[in-house]
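Undergrad: File name start-v8.cif; file contents mmCIF, C-alpha atoms; full text below.
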```cif
data_work
loop_
_atom_site.label_atom_id
_atom_site.label_comp_id
_atom_site.auth_asym_id
_atom_site.auth_seq_id
_atom_site.Cartn_x
_atom_site.Cartn_y
_atom_site.Cartn_z
CA MET A 1 15.21 2.51 13.84
CA VAL A 2 17.55 5.25 12.66
CA PRO A 3 20.86 3.62 13.69
CA LEU A 4 19.77 0.25 12.31
CA LEU A 5 18.99 1.69 8.89
CA GLU A 6 22.02 3.98 8.86
CA ALA A 7 24.25 1.02 9.64
CA ALA A 8 22.98 -0.52 6.40
CA GLY A 9 24.17 2.54 4.49
CA HIS A 10 20.99 4.58 4.24
CA ARG A 11 20.37 8.24 4.94
CA VAL A 12 17.48 8.39 7.40
CA PHE A 13 15.21 11.22 8.51
CA ALA A 14 12.70 10.97 11.35
CA PRO A 15 11.18 14.47 11.35
CA SER A 16 9.07 15.79 14.20
CA LEU A 17 5.69 16.92 12.96
CA THR A 18 4.47 20.32 14.13
CA GLY A 19 3.18 20.07 17.69
CA PHE A 20 5.26 17.02 18.62
CA GLY A 21 8.78 16.23 19.79
CA ASP A 22 11.10 19.21 19.41
CA LYS A 23 8.19 21.10 17.82
CA ALA A 24 5.83 20.56 20.76
CA HIS A 25 5.89 24.28 21.53
CA LEU A 26 4.09 24.87 18.20
CA LEU A 27 1.04 22.84 19.21
CA GLY A 28 -2.19 24.73 18.67
CA PRO A 29 -5.74 24.42 17.30
CA GLU A 30 -4.64 25.62 13.86
CA VAL A 31 -2.35 22.62 13.38
CA GLY A 32 -3.85 19.95 11.15
CA LEU A 33 -3.16 17.35 8.50
CA ASP A 34 -2.17 20.02 5.99
CA THR A 35 0.41 21.36 8.46
CA HIS A 36 2.01 17.94 8.76
CA VAL A 37 2.04 17.42 5.00
CA ASP A 38 3.86 20.75 4.72
CA ASP A 39 6.38 19.49 7.30
CA VAL A 40 7.22 16.38 5.27
CA VAL A 41 7.20 18.07 1.86
CA GLY A 42 9.33 20.90 3.26
CA LEU A 43 11.95 18.50 4.61
CA ILE A 44 12.18 16.57 1.36
CA THR A 45 12.51 19.67 -0.78
CA GLU A 46 14.85 21.55 1.55
CA GLU A 47 17.19 18.55 1.74
CA ASN A 48 16.74 18.01 -2.02
CA LEU A 49 15.91 14.35 -1.41
CA ARG A 50 15.00 12.02 -4.25
CA ASP A 51 14.21 8.31 -4.53
CA VAL A 52 12.69 8.56 -1.07
CA VAL A 53 11.18 5.55 0.68
CA LEU A 54 8.48 7.38 2.61
CA VAL A 55 7.18 5.52 5.66
CA GLY A 56 4.01 6.54 7.47
CA HIS A 57 2.87 4.93 10.72
CA SER A 58 -0.72 5.05 11.95
CA TYR A 59 -2.24 8.53 11.31
CA ALA A 60 0.81 9.37 9.19
CA GLY A 61 -0.58 7.17 6.44
CA LEU A 62 -2.71 10.21 5.64
CA VAL A 63 0.38 12.44 5.72
CA ILE A 64 2.50 10.39 3.33
CA SER A 65 -0.42 9.96 0.92
CA SER A 66 -0.87 13.71 0.63
CA ALA A 67 2.88 14.37 0.54
CA ALA A 68 3.33 11.93 -2.34
CA ASN A 69 0.47 13.63 -4.16
CA ARG A 70 2.36 16.92 -3.90
CA ILE A 71 5.84 15.72 -4.92
CA PRO A 72 5.48 12.30 -6.60
CA GLU A 73 8.66 12.78 -8.62
CA ARG A 74 10.73 12.57 -5.43
CA ILE A 75 9.09 9.44 -3.95
CA ALA A 76 10.34 5.96 -4.87
CA HIS A 77 8.14 3.92 -2.54
CA LEU A 78 5.33 4.41 -0.03
CA VAL A 79 5.23 2.23 3.08
CA TYR A 80 2.03 2.14 5.11
CA LEU A 81 3.15 0.91 8.52
CA ASP A 82 0.03 -0.24 10.36
CA ALA A 83 -1.32 2.96 8.89
CA MET A 84 -4.49 4.64 7.69
CA VAL A 85 -4.73 4.30 3.90
CA PRO A 86 -7.11 6.94 2.54
CA GLU A 87 -8.90 7.53 -0.72
CA ASP A 88 -9.17 11.01 -2.23
CA GLY A 89 -11.24 13.34 -0.06
CA GLU A 90 -11.27 11.10 3.00
CA SER A 91 -10.36 12.12 6.53
CA ALA A 92 -9.18 9.97 9.43
CA VAL A 93 -12.81 9.37 10.41
CA ASP A 94 -13.54 7.78 7.04
CA VAL A 95 -10.57 5.44 7.28
CA GLN A 96 -10.80 4.66 11.01
CA PRO A 97 -14.37 5.33 12.28
CA MET A 98 -13.40 5.10 15.95
CA THR A 99 -11.63 8.46 15.60
CA ARG A 100 -15.09 10.05 15.61
CA GLN A 101 -15.20 9.35 19.34
CA LEU A 102 -11.86 11.12 19.81
CA ILE A 103 -13.09 14.16 17.92
CA GLU A 104 -16.24 14.34 20.02
CA LEU A 105 -14.22 14.08 23.24
CA ALA A 106 -11.94 16.88 22.07
CA GLU A 107 -14.84 19.12 21.08
CA LYS A 108 -16.46 18.63 24.49
CA SER A 109 -13.24 19.22 26.41
CA GLU A 110 -12.11 22.45 28.02
CA SER A 111 -9.81 23.27 25.11
CA GLY A 112 -12.23 22.23 22.39
CA TRP A 113 -9.40 20.90 20.20
CA ARG A 114 -7.04 18.66 22.11
CA VAL A 115 -7.17 14.89 21.52
CA PRO A 116 -5.31 13.20 24.40
CA PRO A 117 -3.20 10.06 23.83
CA MET A 118 -4.95 6.73 24.20
CA PRO A 119 -4.61 5.37 27.76
CA GLU A 120 -2.63 2.27 28.60
CA GLN A 121 -4.72 -0.90 28.59
CA PRO A 122 -4.25 -4.25 30.32
CA ALA A 123 -1.98 -6.79 28.65
CA PRO A 124 -1.73 -7.83 25.89
CA PHE A 125 -2.73 -4.40 24.54
CA GLY A 126 -0.55 -2.16 26.71
CA LEU A 127 0.24 1.31 25.38
CA PHE A 128 -0.11 1.07 21.58
CA GLY A 129 1.00 -2.55 21.89
CA VAL A 130 4.00 -1.74 24.08
CA THR A 131 3.97 -3.73 27.33
CA ASP A 132 7.56 -3.73 28.65
CA PRO A 133 7.51 -1.37 31.69
CA ALA A 134 10.68 0.47 30.68
CA ASP A 135 9.46 0.94 27.12
CA VAL A 136 6.04 2.06 28.34
CA ALA A 137 7.65 4.69 30.59
CA TRP A 138 9.83 5.95 27.71
CA LEU A 139 6.90 6.05 25.30
CA ARG A 140 4.60 7.82 27.75
CA GLY A 141 7.17 10.59 28.14
CA MET A 142 7.03 11.20 24.39
CA LEU A 143 3.26 11.27 23.92
CA SER A 144 1.35 14.53 23.65
CA ASP A 145 -2.09 15.73 22.65
CA GLN A 146 -3.06 15.77 18.98
CA PRO A 147 -4.89 18.71 17.41
CA VAL A 148 -8.38 17.69 16.35
CA ARG A 149 -7.88 19.21 12.86
CA CYS A 150 -5.48 16.34 12.10
CA LEU A 151 -8.45 13.99 12.20
CA GLN A 152 -10.87 16.31 10.42
CA GLN A 153 -9.00 17.55 7.36
CA PRO A 154 -9.34 15.44 4.18
CA VAL A 155 -6.54 14.25 1.96
CA ARG A 156 -6.29 15.43 -1.64
CA LEU A 157 -5.02 12.72 -3.97
CA GLY A 158 -5.82 13.95 -7.45
CA ASN A 159 -2.33 13.76 -8.96
CA PRO A 160 -2.18 10.83 -11.43
CA ALA A 161 1.63 10.71 -11.13
CA ALA A 162 1.29 9.65 -7.50
CA HIS A 163 -0.66 6.55 -8.53
CA ALA A 164 2.45 5.12 -10.17
CA ILE A 165 4.41 5.01 -6.90
CA PRO A 166 4.86 1.43 -5.60
CA ARG A 167 3.34 0.68 -2.21
CA THR A 168 4.01 -1.76 0.59
CA HIS A 169 1.70 -2.37 3.52
CA ILE A 170 3.06 -3.65 6.84
CA HIS A 171 0.41 -4.88 9.25
CA ASN A 172 1.05 -5.48 12.92
CA VAL A 173 -1.05 -8.51 13.71
CA GLY A 174 -0.70 -8.72 17.48
CA ALA A 175 -3.61 -8.08 19.84
CA MET A 176 -5.89 -5.29 18.60
CA PRO A 177 -8.08 -3.26 21.02
CA ALA A 178 -11.84 -3.34 20.55
CA GLY A 179 -13.16 -0.77 18.10
CA VAL A 180 -9.98 -0.60 16.03
CA THR A 181 -10.50 -1.85 12.50
CA ARG A 182 -8.21 -2.28 9.51
CA ARG A 183 -9.44 -1.52 6.02
CA PRO A 184 -8.66 -4.43 3.68
CA VAL A 185 -5.87 -3.77 1.21
CA PRO A 186 -7.17 -3.94 -2.38
CA PRO A 187 -5.51 -6.84 -4.23
CA ILE A 188 -4.43 -4.47 -7.00
CA GLN A 189 -2.63 -1.25 -6.07
CA PRO A 190 -3.10 2.14 -7.82
CA ASN A 191 -0.10 1.47 -10.09
CA GLY A 192 -1.67 -1.77 -11.33
CA THR A 193 0.61 -4.17 -9.46
CA ALA A 194 -0.44 -6.83 -6.97
CA ALA A 195 -0.60 -5.66 -3.38
CA GLN A 196 2.46 -6.31 -1.22
CA VAL A 197 1.42 -6.91 2.38
CA TRP A 198 3.82 -8.01 5.10
CA GLU A 199 2.99 -8.83 8.71
CA LEU A 200 4.73 -8.48 12.05
CA PRO A 201 3.49 -10.48 15.06
CA THR A 202 3.34 -7.53 17.43
CA GLY A 203 1.27 -4.54 18.51
CA HIS A 204 0.82 -1.14 16.90
CA ASP A 205 4.16 0.48 17.82
CA CYS A 206 6.36 -2.12 16.16
CA MET A 207 9.27 0.31 15.85
CA ILE A 208 9.59 -0.07 19.64
CA THR A 209 8.72 -3.74 20.08
CA MET A 210 10.34 -5.22 16.94
CA PRO A 211 12.83 -2.66 15.56
CA SER A 212 15.24 -5.20 14.08
CA GLU A 213 12.51 -7.14 12.32
CA LEU A 214 10.95 -3.95 10.97
CA SER A 215 14.34 -2.75 9.74
CA GLU A 216 14.85 -6.02 7.87
CA LEU A 217 11.55 -5.53 6.07
CA LEU A 218 12.32 -1.94 5.12
CA LEU A 219 15.75 -2.92 3.84
CA LYS A 220 14.10 -5.29 1.36
CA LEU A 221 12.78 -2.18 -0.41
CA SER A 222 16.23 -0.62 -0.92
#
```
As structure tokens, how would this structure be written, given the file I've shared?
TA:
Amino acid sequence: MVPLLEAAGHRVFAPSLTGFGDKAHLLGPEVGLDTHVDDVVGLITEENLRDVVLVGHSYAGLVISSAANRIPERIAHLVYLDAMVPEDGESAVDVQPMTRQLIELAEKSESGWRVPPMPEQPAPFGLFGVTDPADVAWLRGMLSDQPVRCLQQPVRLGNPAAHAIPRTHIHNVGAMPAGVTRRPVPPIQPNGTAAQVWELPTGHDCMITMPSELSELLLKLS
């Protein structure tokens, strides 16, 4: 995604959240949603970014919601990419009830806090919707456990200024595994405008399966 968007003239950041990617060595039971919000807010403020189009995929819908609540003056648009869209005080369990099962598995495990990645499923589901063998192998090498606190901590969305930020929802409408639900998007968004919902005919990890098509949608917001 980064080279496609940069080629269109945009400055792009794809930060690793604490416990993942180049920050995998920081993984621990104390890492939670608040940690990841600090990661995003810290990047935006340290780079002195403004007019940011902030994109959150999956669980990161919680992250961008809380980040925008903290620094709404720096955010131009929120994009919920097949993401959890919370209300004030909600956790991942409230938005996506199946995460309760993941929390229970983590609490019963040897560590007591590690949530392992979802396993690959038979086609057409694959690994988060990725089915190409080469892509699956690449993706599997990047996956790591998630701290259970990420799914337990609630978002805080009490800043009225954040309600004014425009939103776009992108739904991946390919095959969806059993137990995964999507909360309907309210027809009117918090800023009073009609909801903008776009769809991609693919699985959950559309940045891998349809990067060009996803880039084209994001560029419409610039």
Undergrad: Could you check how far atom CA of A:Val2 sits from atom CA of A:Glu73, in Å to one decimal?
TA: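 Interatomic distance here is 24.3 Å.
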Undergrad: Please compute the atom CA of A:Cys206-atom CA of A:Ala60 distance, one decimal, in Å.
TA: 14.5 Å
Undergrad: For A:His169, work out the shell of residues within 9 Å, counting all atoms listed in the file and skipping chain neighbours fewer than 5 positions away, then give it as a list in words.
TA: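 That gives Leu78, Val79, Tyr80, Leu81, Asp82, Ala83, Val185, Ala195, Gln196, Val197, Trp198 and Glu199 of chain A.
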Undergrad: Could you tell me how far atom CA of A:Ser16 sits from atom CA of A:Glu216, in Å to one decimal place?
TA: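 Calculated distance between atom CA of A:Glu216 and atom CA of A:Ser16 is 23.4 Å.
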Undergrad: As a check of understanding, name the residues that the PyMOL selection byres ((chain A and resi 20-28) around 10) selects in the supplied structure, as an mmCIF file with C-alpha atoms, in the coordinates of the input.
TA:
```cif
data_model
loop_
_atom_site.group_PDB
_atom_site.id
_atom_site.type_symbol
_atom_site.label_atom_id
_atom_site.label_comp_id
_atom_site.auth_asym_id
_atom_site.auth_seq_id
_atom_site.Cartn_x
_atom_site.Cartn_y
_atom_site.Cartn_z
ATOM 1 C CA PRO A 15 11.180 14.470 11.350
ATOM 2 C CA SER A 16 9.070 15.790 14.200
ATOM 3 C CA LEU A 17 5.690 16.920 12.960
ATOM 4 C CA THR A 18 4.470 20.320 14.130
ATOM 5 C CA GLY A 19 3.180 20.070 17.690
ATOM 6 C CA PRO A 29 -5.740 24.420 17.300
ATOM 7 C CA GLU A 30 -4.640 25.620 13.860
ATOM 8 C CA VAL A 31 -2.350 22.620 13.380
ATOM 9 C CA GLY A 32 -3.850 19.950 11.150
ATOM 10 C CA TRP A 113 -9.400 20.900 20.200
ATOM 11 C CA ARG A 114 -7.040 18.660 22.110
ATOM 12 C CA MET A 142 7.030 11.200 24.390
ATOM 13 C CA LEU A 143 3.260 11.270 23.920
ATOM 14 C CA SER A 144 1.350 14.530 23.650
ATOM 15 C CA ASP A 145 -2.090 15.730 22.650
ATOM 16 C CA GLN A 146 -3.060 15.770 18.980
ATOM 17 C CA PRO A 147 -4.890 18.710 17.410
ATOM 18 C CA VAL A 148 -8.380 17.690 16.350
ATOM 19 C CA ARG A 149 -7.880 19.210 12.860
#
```
Undergrad: Quick one: of A:Leu157, A:Ala137, A:Val63, A:Ala162, who's nearest to A:Leu33, counting all atoms listed in the file?
TA: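 Nearest candidate to A:Leu33 out of A:Leu157, A:Ala137, A:Val63, A:Ala162: A:Val63.
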Undergrad: Just the residues within 7 Å of A:Gly129, please, counting only C-alpha atoms, with nothing from its chain fewer than 5 positions along; format it as a VMD selection string.
TA: chain A and resid 203 to 205
Undergrad: Suppose we keep C-alpha atoms; can you now write the selection as a compact mmCIF listing (two decimals), in the frame of the given file?
TA:
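Below is the file that was written, selection_3.txt:
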```
# COMPACT_ATOMS: atom_id res chain seq x y z
CA GLY A 203 1.27 -4.54 18.51
CA HIS A 204 0.82 -1.14 16.90
CA ASP A 205 4.16 0.48 17.82
```
Undergrad: Evaluating the PyMOL selection byres ((chain A and resi 161) around 10) on the displayed file yields which residues, as a list of chain:residue names?
TA: A:Ala68, A:Asn69, A:Arg70, A:Ile71, A:Pro72, A:Glu73, A:Leu157, A:Gly158, A:Asn159, A:Pro160, A:Ala162, A:His163, A:Ala164, A:Ile165, A:Asn191
Undergrad: Just say which residues the PyMOL selection byres ((chain A and resi 41) around 12) picks in this file, as a VMD selection string.
TA: chain A and resid 15 17 34 to 40 42 to 50 52 54 63 to 75
Undergrad: Could you list as a ChimeraX atom specification every residue that has an atom within 12 Å of (-11.9, 15.3, 21.3), using the file's coordinates and counting only C-alpha atoms?
TA: /A:29,98-118,145-152
Undergrad: Using all atoms listed in the file for the distances, tell me which of A:Met210, A:Ala194, A:Leu62, A:Val173 is nearest to A:Val130.
TA: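 Answer, going by the shortest atom-to-atom distance: A:Met210.
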Undergrad: Considering all atoms listed in the file, can you say which of A:Arg182, A:Asp135, A:Met207, A:Pro119 comes closest to A:His57?
TA: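 Closest to A:His57 of all the choices is A:Met207.
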Undergrad: Give the answer as one residue: which of A:Ala8, A:Leu127, A:Val85, A:Val95 has the shortest atom-to-atom distance to A:Leu139, using only C-alpha atoms?
TA: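 Comparing A:Ala8, A:Leu127, A:Val85, A:Val95 against A:Leu139, the winner is A:Leu127.
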Undergrad: Residues near A:Thr181, anyone? I mean within 10 Å using only C-alpha atoms, not counting same-chain ones fewer than 2 positions away, as an NGL selection string.
TA: :A and (95-98 or 176-179 or 183-184)
Undergrad: Show me the residues close to (4.5, -8.1, 16.6) - anything with an atom within 6 Å, counting all atoms listed in the file - and format the list as JSON, numbers by chain.
TA: {"A": [172, 174, 200, 201, 202, 203]}
Undergrad: Given all atoms listed in the file as the basis, pick out the residue of A:Gln153, A:Thr168, A:Ser58, A:Ser91 nearest to A:Leu221.
TA: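 Counting all atoms listed in the file, the residue closest to A:Leu221 is A:Thr168.
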Undergrad: May I ask which of the residues A:Ser222, A:Glu87, A:Asp51, A:Pro3 is the closest one to A:Pro154, counting all atoms listed in the file?
TA: A:Glu87
